[in-house]
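Data from input_18.cif: mmCIF, C-alpha atoms
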```
data_my_file
loop_
_atom_site.label_atom_id
_atom_site.label_comp_id
_atom_site.auth_asym_id
_atom_site.auth_seq_id
_atom_site.Cartn_x
_atom_site.Cartn_y
_atom_site.Cartn_z
CA MET K 275 36.76 105.06 173.34
CA VAL K 276 39.91 107.13 173.05
CA ARG K 277 39.64 110.81 173.96
CA VAL K 278 41.90 113.26 172.08
CA THR K 279 42.36 116.98 172.64
CA CYS K 280 43.46 119.11 169.71
CA MET K 281 46.54 121.19 170.46
CA ARG K 282 45.47 123.95 168.07
CA CYS K 283 41.76 124.53 168.77
CA HIS K 284 41.74 122.85 172.24
CA ARG K 285 38.55 120.94 171.47
CA SER K 286 38.12 117.41 172.69
CA TYR K 287 36.84 114.54 170.54
CA ALA K 288 36.72 110.75 170.67
CA LEU K 289 37.96 108.25 168.14
CA THR K 290 35.20 106.15 166.64
CA ASN K 291 35.27 102.36 166.81
CA GLU K 292 36.06 102.26 163.09
CA GLN K 293 39.06 104.56 163.58
CA ILE K 294 40.29 102.35 166.43
CA MET K 295 39.90 99.26 164.26
CA ARG K 296 41.71 100.92 161.32
CA ALA K 297 44.57 102.05 163.58
CA VAL K 298 45.05 98.52 164.91
CA GLU K 299 45.00 97.07 161.39
CA GLU K 300 47.49 99.61 160.03
CA SER K 301 49.86 99.33 162.99
CA HIS K 302 49.98 95.53 162.95
CA GLY K 303 53.52 94.41 162.18
CA THR K 304 55.09 97.87 162.44
CA LYS K 305 57.24 99.51 165.09
CA HIS K 306 55.19 102.70 165.17
CA LYS K 307 54.31 104.11 168.58
CA HIS K 308 51.70 106.67 167.47
CA PHE K 309 48.77 106.88 165.09
CA VAL K 310 48.01 110.19 163.39
CA VAL K 311 44.41 111.41 163.32
CA SER K 312 42.98 114.70 162.09
CA CYS K 313 40.91 116.96 164.32
CA PRO K 314 37.30 116.93 163.01
CA TYR K 315 37.00 120.66 163.77
CA CYS K 316 40.20 122.23 162.41
CA ARG K 317 41.83 119.27 160.57
CA THR K 318 45.10 119.63 162.47
CA PRO K 319 46.91 116.30 162.76
CA ALA K 320 47.36 114.85 166.25
CA LYS K 321 49.45 111.90 167.37
CA VAL K 322 47.60 109.34 169.51
CA PRO K 323 49.65 106.71 171.37
CA LEU K 324 49.06 103.23 169.99
CA ARG K 325 49.15 101.85 173.52
CA SER K 326 45.86 103.60 174.37
CA ILE K 327 44.36 102.55 171.04
CA HIS K 328 45.26 98.91 171.67
CA GLN K 329 43.77 99.14 175.17
CA ALA K 330 40.52 100.52 173.75
CA TYR K 331 40.49 97.76 171.13
CA ALA K 332 40.95 95.13 173.85
CA ARG K 333 37.99 96.60 175.75
CA LEU K 334 35.86 96.44 172.59
CA GLU K 335 36.82 92.80 172.08
CA LYS K 336 36.02 92.02 175.71
CA LEU K 337 32.56 93.52 175.28
CA GLY K 338 32.09 91.37 172.18
CA LEU K 339 31.78 94.28 169.76
CA TRP K 340 34.74 93.25 167.55
CA THR K 341 36.12 89.84 166.76
CA ALA K 342 39.32 89.14 164.91
CA ALA K 343 39.02 87.52 161.49
CA PRO K 344 41.43 84.77 160.39
CA ALA K 345 45.03 85.96 160.32
CA THR K 346 45.31 85.30 156.57
CA GLU K 347 42.80 88.04 155.78
CA GLY K 348 44.16 90.58 158.26
CA ARG K 349 40.74 92.17 158.68
CA VAL K 350 38.57 92.77 161.71
CA THR K 351 34.82 92.29 161.48
CA VAL K 352 31.77 93.19 163.53
CA SER K 353 30.41 90.24 165.48
CA ASP K 354 26.84 89.08 164.89
CA GLU K 355 25.89 89.66 168.53
CA ALA K 356 26.81 93.35 168.22
CA LEU K 357 24.25 93.93 165.47
CA ALA K 358 20.52 94.15 165.93
CA LEU K 359 18.31 94.22 162.85
CA GLU K 360 15.79 97.03 162.69
CA THR K 361 12.39 96.05 161.28
CA ASP K 362 9.55 98.24 160.11
CA ALA K 363 5.79 97.80 160.69
CA GLU K 364 5.41 95.22 157.86
CA GLY K 365 8.20 93.06 159.31
CA GLU K 366 10.71 93.87 156.57
CA THR K 367 14.31 94.14 157.64
CA LYS K 368 16.02 97.50 157.27
CA ASN K 369 19.70 98.33 157.58
CA PRO K 370 21.50 96.79 160.55
CA VAL K 371 21.77 99.07 163.58
CA ARG K 372 24.31 98.73 166.39
CA ARG K 373 22.88 97.91 169.76
CA GLU K 374 23.74 100.38 172.53
CA GLU K 375 25.12 98.62 175.59
CA SER K 376 25.75 100.27 178.92
#
```
Would you write out, as structure tokens, the structure that this file holds?
Amino acid sequence: MVRVTCMRCHRSYALTNEQIMRAVEESHGTKHKHFVVSCPYCRTPAKVPLRSIHQAYARLEKLGLWTAAPATEGRVTVSDEALALETDAEGETKNPVRREES
């Protein structure tokens, strides 16, 4: 989780795992040092250091939440262990739900 504070409205928010994954994918092979995100409250752009994003991504990989796909595809996927299938009373499978780990 990467915490960001907006310089305009001074509200704090966290980047989602999907935003972290997208930032890592887009920054791969570039010399950029920041990733630009918009504040969810006032839509003001904010620069987030890629170093902290890469550290958060490494923590997610260590927890087993993200695994890297083959280098030819250049995509990152959710690991099977990170998903738990939700079932209803009849035993039918619903949409996959992420398991909360502490």
Can you translate the PyMOL selection byres ((chain K and resi 290) around 12) into the concrete residues it hits in this file, as a ChimeraX atom specification?
/K:275-278,287-289,291-297,311,314,327,330-331,334
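The space separating CA of Lys321 in chain K from CA of His306 in chain K comes to 11.1 Å.
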Go ahead and compute the interatomic distance for CA of Ser286 in chain K and CA of His308 in chain K, in Å to one decimal.
18.1 Å
Tell me which of K:Glu300, K:Lys307, K:Leu339, K:His284 sits closest to Ser326 in chain K, counting only C-alpha atoms.
K:Lys307
Grab the CA of Ala332 in chain K to CA of Ser312 in chain K distance for me, in Å with one decimal place.
22.9 Å
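Counting all atoms listed in the file, the residue from K:Lys336, K:Thr304, K:Val298, K:Cys280 that sits nearest to Ala320 in chain K is K:Cys280.
Shortest atom-to-atom contact with Glu299 in chain K among K:Met281, K:His328, K:Arg333, K:Gly338: K:His328, counting all atoms listed in the file.
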